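Input: a single structure, listed below in structure tokens.
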Amino acid sequence: MRRLWLLFAQTVTVGLAVWFIVASLKPQWIGDRSRRTHPGASPIAVAEAPAHASPGQGSYREAAKRAMPTVVNIFTTKGPSRPKNPFMDDPVFRRFFGDQQEDKQFSLGSGVIVSPEGFILTNNHVIETADQIEVALADGRKTVAKLVGSDPESDLAVIKINMSNLPAITFGRVEQAQVGDVVLAIGNPFGVGQTVTFGIVSALGRNHLGINTFENFIQTDAAINPGNSGGALTDSNGNLIGINTAIYSRSGGSLGIGFAIPVSTAKNVMDAIIANGQVIRGWIGVEPQDITPELADSFGLGRKSGAIIAGVLKGGPAERAGMRPGDILVAVEGKPVNDTTDMLNTIAQLTPGQKARMTVLRKTQESTLDVVVGRRPQPKRDPRQQQEEE
């Protein structure tokens, strides 16, 4: 019995020694028996998440999943700009002189479905002068759209399609957006198909860019390229906070500086277009100019805020109220005017026909004028569109 016990003790001791040596020199040889490998598989154990695992903290798949079905591709065609030569119907003429007609021009962009009824928000420059507008949905369906109305001064337009079972995007609260917030840009860049890019809000309230008459852009570094125009800029939850509009680029590609129209502006324009077919804005008939340091010195001004009235339209609302060239508009309805962009945006929000109190600085003296706001004239339309309407 003693010999058996000694033999057992020696066997255990040798086994533990072997295990200790293997564990120290070749730990990969010792693994969980529950892990099975098939021929050709790596001998190193790799932890795998279960199939039902939720996305990691850095994933925005749910936001993309919510917003992508609401973003559409827009294809437009534009006929020849020159009128058709009547002789082109003569086969003899075509035989000797060839086909002199210009080919149709094609362009592409994006849009966002904003209601189950089929209203789609996009950029005016995507559909302007188009003879035909075709929309391709994310689910593969295609249809022809009609133009409801456009607003060149904000570069927005509304088109409509007649289809059922349409997904509509959820509007976010852009006033809660801050620099550094994560955003997704969804569109159809270069015609490759629906694409989602990722970035942050780089700046808010960008203006003086010379892109639109009324500017209040969201700047983002999410990649925006040609074809993204009219697409969605969403927050990290997939809610719409802007309409992608323009990029800053010297090469035609994304340089990390893109601009989107805030959803608050887009919604106001959309509602006005759907209700009236156009946007009605206030207007007083003046030519404003920003106060530069040089102008401030020449006028002897102790301030750099306000808008200099460089010109006054004869017979316009401002002239009738007594406003003169050289006046400096410093407040509208008690709201301070910082520059010309601020002035245009403030006056545009006034209702035509209402009497607005405006404060002007004239030769260092402040005075108050009651101006009956007029209706801002519509920008000149494309001559071909005007001819069709007439």
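Residues in the structure tokens are numbered from 1 in each chain, the chains being A, B, ... in the order shown, and ligands are numbered from 1 in the order shown.
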
Do you know which residues are at most 8 Å from region 304-320 of chain A counting only C-alpha atoms, after dropping those on the same chain fewer than 6 positions away, and could you put them as an mmCIF file with C-alpha atoms, in the first residue's frame?
```cif
data_model
loop_
_atom_site.group_PDB
_atom_site.id
_atom_site.type_symbol
_atom_site.label_atom_id
_atom_site.label_comp_id
_atom_site.auth_asym_id
_atom_site.auth_seq_id
_atom_site.Cartn_x
_atom_site.Cartn_y
_atom_site.Cartn_z
ATOM 1 C CA TRP A 283 -38.767 94.290 -48.243
ATOM 2 C CA ILE A 284 -38.109 98.020 -47.816
ATOM 3 C CA GLY A 285 -36.266 98.896 -51.026
ATOM 4 C CA VAL A 286 -32.741 99.797 -49.940
ATOM 5 C CA GLU A 287 -29.214 98.889 -50.983
ATOM 6 C CA PRO A 288 -27.292 98.040 -47.786
ATOM 7 C CA GLN A 289 -23.562 97.944 -47.220
ATOM 8 C CA ASP A 290 -21.478 96.536 -44.370
ATOM 9 C CA ILE A 291 -19.566 98.919 -42.124
ATOM 10 C CA THR A 292 -15.858 98.397 -42.763
ATOM 11 C CA PRO A 293 -13.118 99.962 -40.611
ATOM 12 C CA ALA A 296 -16.292 103.771 -39.940
ATOM 13 C CA GLY A 326 -26.024 107.576 -45.755
ATOM 14 C CA ASP A 327 -28.309 106.567 -42.908
ATOM 15 C CA ILE A 328 -27.122 103.682 -40.779
ATOM 16 C CA LEU A 329 -29.806 101.165 -39.861
ATOM 17 C CA VAL A 330 -29.069 100.002 -36.318
ATOM 18 C CA ALA A 331 -32.308 98.303 -35.212
ATOM 19 C CA PRO A 336 -30.155 95.249 -33.122
ATOM 20 C CA VAL A 337 -28.786 95.035 -36.671
ATOM 21 C CA ASN A 338 -25.199 93.773 -36.769
ATOM 22 C CA ASP A 339 -24.550 93.754 -40.529
ATOM 23 C CA THR A 340 -26.247 93.545 -43.931
ATOM 24 C CA MET A 343 -30.638 93.217 -41.735
ATOM 25 C CA VAL A 371 -41.759 101.887 -42.424
ATOM 26 C CA VAL A 372 -44.704 100.121 -44.085
ATOM 27 C CA VAL A 373 -43.052 96.905 -45.214
ATOM 28 C CA GLY A 374 -43.436 95.936 -48.861
#
```

All alpha helix (DSSP H) positions in region 157-386 of chain A, as JSON, numbers by chain | {"A": [263, 264, 265, 266, 267, 268, 269, 270, 271, 272, 273, 274, 275, 276, 293, 294, 295, 296, 297, 298, 299, 317, 318, 319, 320, 321, 340, 341, 342, 343, 344, 345, 346, 347, 348, 383, 384, 385, 386]}

Please dump the current selection as an mmCIF file, in the first residue's frame; keep N, CA and C atoms.
```
data_model
loop_
_atom_site.group_PDB
_atom_site.id
_atom_site.type_symbol
_atom_site.label_atom_id
_atom_site.label_comp_id
_atom_site.auth_asym_id
_atom_site.auth_seq_id
_atom_site.Cartn_x
_atom_site.Cartn_y
_atom_site.Cartn_z
ATOM 1 N N VAL A 263 -32.388 73.046 -40.821
ATOM 2 C CA VAL A 263 -33.727 72.508 -41.036
ATOM 3 C C VAL A 263 -34.800 73.524 -40.656
ATOM 4 N N SER A 264 -34.514 74.421 -39.723
ATOM 5 C CA SER A 264 -35.501 75.443 -39.356
ATOM 6 C C SER A 264 -35.810 76.349 -40.549
ATOM 7 N N THR A 265 -34.767 76.770 -41.256
ATOM 8 C CA THR A 265 -34.966 77.574 -42.469
ATOM 9 C C THR A 265 -35.663 76.762 -43.545
ATOM 10 N N ALA A 266 -35.206 75.532 -43.739
ATOM 11 C CA ALA A 266 -35.782 74.686 -44.776
ATOM 12 C C ALA A 266 -37.265 74.428 -44.536
ATOM 13 N N LYS A 267 -37.650 74.222 -43.294
ATOM 14 C CA LYS A 267 -39.057 73.956 -42.988
ATOM 15 C C LYS A 267 -39.921 75.187 -43.257
ATOM 16 N N ASN A 268 -39.436 76.368 -42.880
ATOM 17 C CA ASN A 268 -40.203 77.590 -43.147
ATOM 18 C C ASN A 268 -40.404 77.803 -44.637
ATOM 19 N N VAL A 269 -39.337 77.599 -45.402
ATOM 20 C CA VAL A 269 -39.431 77.749 -46.859
ATOM 21 C C VAL A 269 -40.369 76.692 -47.433
ATOM 22 N N MET A 270 -40.246 75.471 -46.964
ATOM 23 C CA MET A 270 -41.099 74.379 -47.457
ATOM 24 C C MET A 270 -42.569 74.672 -47.192
ATOM 25 N N ASP A 271 -42.894 75.083 -45.977
ATOM 26 C CA ASP A 271 -44.291 75.374 -45.639
ATOM 27 C C ASP A 271 -44.845 76.497 -46.513
ATOM 28 N N ALA A 272 -44.026 77.530 -46.766
ATOM 29 C CA ALA A 272 -44.477 78.650 -47.600
ATOM 30 C C ALA A 272 -44.700 78.212 -49.036
ATOM 31 N N ILE A 273 -43.813 77.373 -49.553
ATOM 32 C CA ILE A 273 -43.949 76.903 -50.941
ATOM 33 C C ILE A 273 -45.183 76.025 -51.082
ATOM 34 N N ILE A 274 -45.409 75.119 -50.134
ATOM 35 C CA ILE A 274 -46.569 74.238 -50.215
ATOM 36 C C ILE A 274 -47.868 75.042 -50.103
ATOM 37 N N ALA A 275 -47.855 76.087 -49.266
ATOM 38 C CA ALA A 275 -49.070 76.887 -49.061
ATOM 39 C C ALA A 275 -49.308 77.877 -50.192
ATOM 40 N N ASN A 276 -48.238 78.529 -50.681
ATOM 41 C CA ASN A 276 -48.408 79.626 -51.642
ATOM 42 C C ASN A 276 -47.714 79.412 -52.982
ATOM 43 N N PRO A 293 -13.917 99.002 -41.404
ATOM 44 C CA PRO A 293 -13.118 99.962 -40.611
ATOM 45 C C PRO A 293 -12.858 101.269 -41.354
ATOM 46 N N GLU A 294 -12.658 101.181 -42.689
ATOM 47 C CA GLU A 294 -12.412 102.386 -43.472
ATOM 48 C C GLU A 294 -13.644 103.286 -43.503
ATOM 49 N N LEU A 295 -14.833 102.658 -43.691
ATOM 50 C CA LEU A 295 -16.063 103.449 -43.714
ATOM 51 C C LEU A 295 -16.356 104.040 -42.332
ATOM 52 N N ALA A 296 -16.061 103.260 -41.297
ATOM 53 C CA ALA A 296 -16.292 103.771 -39.940
ATOM 54 C C ALA A 296 -15.442 105.007 -39.685
ATOM 55 N N ASP A 297 -14.197 105.013 -40.181
ATOM 56 C CA ASP A 297 -13.330 106.179 -40.005
ATOM 57 C C ASP A 297 -13.827 107.363 -40.817
ATOM 58 N N SER A 298 -14.262 107.083 -42.076
ATOM 59 C CA SER A 298 -14.707 108.189 -42.928
ATOM 60 C C SER A 298 -16.004 108.823 -42.428
ATOM 61 N N PHE A 299 -16.868 108.009 -41.803
ATOM 62 C CA PHE A 299 -18.122 108.536 -41.265
ATOM 63 C C PHE A 299 -17.956 109.053 -39.832
ATOM 64 N N PRO A 317 -40.719 101.621 -50.013
ATOM 65 C CA PRO A 317 -41.171 101.779 -48.627
ATOM 66 C C PRO A 317 -40.226 102.621 -47.782
ATOM 67 N N ALA A 318 -38.906 102.418 -47.945
ATOM 68 C CA ALA A 318 -37.950 103.167 -47.125
ATOM 69 C C ALA A 318 -37.984 104.653 -47.449
ATOM 70 N N GLU A 319 -38.036 105.005 -48.725
ATOM 71 C CA GLU A 319 -38.056 106.425 -49.103
ATOM 72 C C GLU A 319 -39.333 107.096 -48.603
ATOM 73 N N ARG A 320 -40.447 106.401 -48.715
ATOM 74 C CA ARG A 320 -41.703 106.986 -48.255
ATOM 75 C C ARG A 320 -41.686 107.237 -46.749
ATOM 76 N N ALA A 321 -40.892 106.444 -46.028
ATOM 77 C CA ALA A 321 -40.810 106.620 -44.572
ATOM 78 C C ALA A 321 -39.770 107.667 -44.177
ATOM 79 N N THR A 340 -25.254 93.607 -42.856
ATOM 80 C CA THR A 340 -26.247 93.545 -43.931
ATOM 81 C C THR A 340 -26.990 92.208 -43.934
ATOM 82 N N THR A 341 -26.285 91.111 -43.655
ATOM 83 C CA THR A 341 -26.944 89.799 -43.619
ATOM 84 C C THR A 341 -27.992 89.759 -42.529
ATOM 85 N N ASP A 342 -27.654 90.285 -41.384
ATOM 86 C CA ASP A 342 -28.592 90.348 -40.272
ATOM 87 C C ASP A 342 -29.801 91.204 -40.645
ATOM 88 N N MET A 343 -29.555 92.325 -41.326
ATOM 89 C CA MET A 343 -30.638 93.217 -41.735
ATOM 90 C C MET A 343 -31.582 92.541 -42.724
ATOM 91 N N LEU A 344 -31.000 91.874 -43.743
ATOM 92 C CA LEU A 344 -31.820 91.207 -44.754
ATOM 93 C C LEU A 344 -32.686 90.114 -44.130
ATOM 94 N N ASN A 345 -32.079 89.304 -43.259
ATOM 95 C CA ASN A 345 -32.828 88.214 -42.628
ATOM 96 C C ASN A 345 -33.949 88.742 -41.743
ATOM 97 N N THR A 346 -33.678 89.824 -41.012
ATOM 98 C CA THR A 346 -34.684 90.378 -40.103
ATOM 99 C C THR A 346 -35.849 90.974 -40.879
ATOM 100 N N ILE A 347 -35.551 91.759 -41.911
ATOM 101 C CA ILE A 347 -36.615 92.399 -42.692
ATOM 102 C C ILE A 347 -37.395 91.365 -43.496
ATOM 103 N N ALA A 348 -36.717 90.328 -43.975
ATOM 104 C CA ALA A 348 -37.398 89.293 -44.755
ATOM 105 C C ALA A 348 -38.465 88.577 -43.936
ATOM 106 N N PRO A 383 -35.540 82.358 -68.493
ATOM 107 C CA PRO A 383 -36.376 82.836 -69.606
ATOM 108 C C PRO A 383 -37.224 81.747 -70.235
ATOM 109 N N ARG A 384 -36.680 80.525 -70.301
ATOM 110 C CA ARG A 384 -37.454 79.432 -70.912
ATOM 111 C C ARG A 384 -38.658 79.083 -70.066
ATOM 112 N N GLN A 385 -38.456 79.065 -68.721
ATOM 113 C CA GLN A 385 -39.587 78.771 -67.826
ATOM 114 C C GLN A 385 -40.649 79.843 -67.930
ATOM 115 N N GLN A 386 -40.228 81.114 -68.008
ATOM 116 C CA GLN A 386 -41.180 82.202 -68.116
ATOM 117 C C GLN A 386 -41.967 82.106 -69.426
#
```

Compile the contact shell of Ile243 (chain A) as a ChimeraX atom specification: residues with an atom at most 7 Å away, counting only C-alpha atoms, same-chain residues fewer than 4 positions apart removed.
-> /A:230-233,260-263

| said: Between CA of Ala222 (chain A) and CA of Val201 (chain A), what distance in Å does the model show, to one decimal? | reply: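 Atom-to-atom, CA of Ala222 (chain A) and CA of Val201 (chain A) are spaced 8.3 Å apart.
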